[in-house]
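The structure appears below as structure tokens.
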Amino acid sequence: MKGRSRLEGTIRLNKYLSDAGVCSRREADRLVEEGKVRVDGEIAVMGMQIRPGQKVVCDGKPVGEKEKPVFLIVNKPRGIVCTTSDKDHAENIVEFLNYPQRIYPVGRLDKDSEGLLLMTNQGDIVNKILRGGNAHEKEYAVAVNHPVTEEFLKQMCEGVRIEDLDVTTKPCRAWKTGSHTFHIVLTQGLNRQIRRMCRALDYHVMNLKRVRIMNLQLGTLKRGEYRELTEKELGDLMRMVEGSTNLPAREAAKLGKIVDPAKRERKPGSSGYQGKPGGRKPSDKNNEGKTFEKKTGTGKIWRNVRQDGEIKPEKKAPASPESWKPGAPERKEHKIWTTRSRG
């Protein structure tokens with residue numbers, strides 16, 4: 001099992017911290033490297049295995065049993081940062097919310113941006129949402145300093161060359177909402193991507209607000225407020241990331257774990273090439289060069305016909321996966337909290 005030691009009952013430190021809802025595995029490795037994790041009073045090392053009963057302290061706080069899952073939609077104001085590093089010298093989102101449980105943001109919005117931020121204590125979901133290879137949508141409302149033209153939108157949608165990153169952005173969707181405003185939907189997560197795209201086209205971003213992450217909408221939530229996800233929102237979110245990987249895109253592609261988003265709503269079949277990502281459709285010849293003949297009728301039998309006319313035992317054709325429609329739980333009213341007084 002991934003993350004488990006050969007020694008029965010032990011678990012890798014980064015997975016232990018992730019399972020406890022402290023942070024993602026990558027963030028756990030960073031905390032270990034910075035010497036912020038201790039095990040039984042000693043500074044932890046990378047790759048360390050944790051045994052039952054050992055005391056783990058992360059950033060000065062004891063790590064115990066997994067807490068109740070927390071998923072919050074936050075309307076982050078401008079001026080608040082999403083990183084907890086000291087170099088920013090600005091209040092970070094964790095301090096701003098002052099939530100009673102340890103939570104952290106899924107992705108980032110830069111200091112000058114505002115809008116929807118998903119915060120959680122569930123580390124394993126972070127990369128499943130953020131990895132570009134999973135193609136999960138994030139929608140932004142943007143205001144710029146020049147009139148929004150059809151040519152500008154066309155270039156934004158087709159992809160913009162960002163020289164300082166040596167990359168061309170992936171095709172996306174964008175549409176005009178006003179003389180100087182537009183919405184854009186990205187599946188990438190490059191650093192300050194929209195600002196860089198606009199700058200490359202001689203535009204300057206005046207205001208940037210994220211209004212949607214996948215199925216989660218900012219709606220009428222006011223700046224500085226947060227609310228819990230409804231049961232329906234959480235259920236839909238879990239189904240949408242079910243086929244996602246938390247591996248980097250290149251590594252996931254090698255393992256065949258990147259799933260076409262259009263196929264995520266289909267439940268995998270129990271057998272056959274159609275139920276296997278990256279699987280191949282049967283050819284009309286086998287490895288010995290003998291032709292296959294398809295028998296007509298409802299049985300859909302494939303049979304091997306040899307050149308001498310003898311027919312080998314019949315085998316069932318690959319089964320097609322049936323469509324699957326997950327049931328959606330009833331919608332519940334949600335509560336909205338405001339952060340502590342900013343005075």
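Letters for chains follow the order of the structure tokens (A, B, ...), residue numbers begin at 1 for each chain, and ligand numbers begin at 1 in the order shown.
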
Dump as JSON lines the rows for residues of region 71-174 of chain A within 7 Å of region 227-234 of chain A: closest atom pair and distance in Å with one decimal, only C-alpha atoms counted, ordered by chain and rising residue number.
{"residue": "A:Phe71", "atom": "CA", "partner": "A:Glu228", "partner_atom": "CA", "distance": 5.9}
{"residue": "A:Leu72", "atom": "CA", "partner": "A:Glu228", "partner_atom": "CA", "distance": 4.5}
{"residue": "A:Ile73", "atom": "CA", "partner": "A:Arg227", "partner_atom": "CA", "distance": 5.5}
{"residue": "A:Val74", "atom": "CA", "partner": "A:Arg227", "partner_atom": "CA", "distance": 6.7}

Can I get the selection written as a JSON list (two decimals), in the first residue's frame, with N, CA and C atoms?
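Generated file (out_15.json):
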[["chain", "number", "residue", "atom", "x", "y", "z"],
["A", 71, "PHE", "N", -14.78, 21.96, 5.20],
["A", 71, "PHE", "CA", -14.72, 22.53, 3.86],
["A", 71, "PHE", "C", -15.44, 23.88, 3.90],
["A", 72, "LEU", "N", -14.69, 24.94, 3.64],
["A", 72, "LEU", "CA", -15.25, 26.29, 3.71],
["A", 72, "LEU", "C", -15.09, 27.02, 2.38],
["A", 73, "ILE", "N", -16.10, 27.78, 2.00],
["A", 73, "ILE", "CA", -15.99, 28.75, 0.92],
["A", 73, "ILE", "C", -15.73, 30.11, 1.58],
["A", 74, "VAL", "N", -14.65, 30.75, 1.17],
["A", 74, "VAL", "CA", -14.26, 32.04, 1.76],
["A", 74, "VAL", "C", -14.22, 33.09, 0.65]]

**OP:** Quick one: pick out all strand (DSSP E) residues within region 2-201 of chain A from a backbone DSSP run and write them as an MDAnalysis selection string.
**Re:** chainID A and resid 11:12 37:39 42:43 49:50 56:58 61:63 71:76 104:105 114:120 138:144 161:162 167:168 173:178 181:186

Shell of 9 Å around region 153-170 of chain A, only C-alpha atoms, local chain residues under 6 positions omitted, as a PDB file with C-alpha atoms, in the first residue's frame:
ATOM      1  CA  LYS A 176     -17.027  40.008 -22.592  1.00  0.00           C
ATOM      2  CA  PHE A 182     -14.659  39.963 -19.042  1.00  0.00           C
ATOM      3  CA  ILE A 184     -12.331  33.781 -18.133  1.00  0.00           C
ATOM      4  CA  LEU A 186      -8.997  28.333 -16.762  1.00  0.00           C
ATOM      5  CA  THR A 187      -7.982  24.742 -16.178  1.00  0.00           C
ATOM      6  CA  GLN A 188      -4.337  25.694 -15.598  1.00  0.00           C
ATOM      7  CA  LEU A 190       0.239  29.086 -13.523  1.00  0.00           C
ATOM      8  CA  GLN A 193      -1.522  33.541 -14.991  1.00  0.00           C
ATOM      9  CA  ARG A 196       0.707  37.656 -17.149  1.00  0.00           C
ATOM     10  CA  MET A 197      -1.597  36.825 -20.076  1.00  0.00           C
ATOM     11  CA  CYS A 198      -3.028  40.348 -20.071  1.00  0.00           C
ATOM     12  CA  ALA A 200       1.643  39.999 -22.763  1.00  0.00           C
ATOM     13  CA  LEU A 201      -1.187  41.601 -24.773  1.00  0.00           C
TER      14      LEU A 201
END

Original post:
Using the chain letters and numbers from this document, which residues of region 68-171 of chain A does DSSP assign to alpha helix (DSSP H), as a ChimeraX atom specification?
Top reply: /A:93-97,124-130,150-158

Using the selection just defined, write its residues with C-alpha atoms as a compact mmCIF listing (two decimals), in the first residue's frame.
# COMPACT_ATOMS: atom_id res chain seq x y z
CA ILE A 93 -5.83 34.00 5.33
CA VAL A 94 -5.43 31.57 8.25
CA GLU A 95 -4.83 34.41 10.71
CA PHE A 96 -7.61 36.47 9.12
CA LEU A 97 -10.26 33.77 9.58
CA ASP A 124 -5.53 14.54 0.00
CA ILE A 125 -8.05 16.62 -1.95
CA VAL A 126 -5.74 19.58 -2.53
CA ASN A 127 -3.70 18.30 -5.48
CA LYS A 128 -6.70 16.52 -6.98
CA ILE A 129 -8.29 19.93 -7.46
CA LEU A 130 -5.15 21.88 -8.36
CA GLU A 150 -12.90 40.57 -29.92
CA GLU A 151 -9.26 40.21 -30.96
CA PHE A 152 -8.12 40.39 -27.32
CA LEU A 153 -10.62 37.69 -26.28
CA LYS A 154 -9.64 35.54 -29.26
CA GLN A 155 -5.97 35.65 -28.27
CA MET A 156 -6.78 34.92 -24.63
CA CYS A 157 -8.88 31.90 -25.63
CA GLU A 158 -6.38 30.46 -28.10

Subject >> Contacts of Lys111 (chain A) within 10 Å, only C-alpha atoms, excl. fewer than 4 positions in-chain, as a ChimeraX atom specification >> reply: /A:76-83,88,90-92

**OP:** Kindly give the distance, in Å, that separates CA of Leu218 (chain A) and CA of Gly115 (chain A), rounded to a single decimal.
**Re:**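 About the pair CA of Leu218 (chain A) and CA of Gly115 (chain A): they are 7.1 Å apart.
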
**OP:** Counting only C-alpha atoms, figure out which residue out of A:Glu34, A:Glu42, A:Glu114, A:Glu67 gets nearest to Gly21 (chain A).
**Re:** A:Glu67

**OP:** Using only C-alpha atoms, pick whichever of A:Cys58, A:Leu17, A:Val211, A:Met206 has the shortest atom-to-atom distance to Thr181 (chain A).
**Re:**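 Looking at the shortest contact to Thr181 (chain A), the residue is A:Met206.
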
Subject >> Atomic separation - CA of Gly60 (chain A) relative to CA of Ala44 (chain A), Å >> reply: 13.0 Å
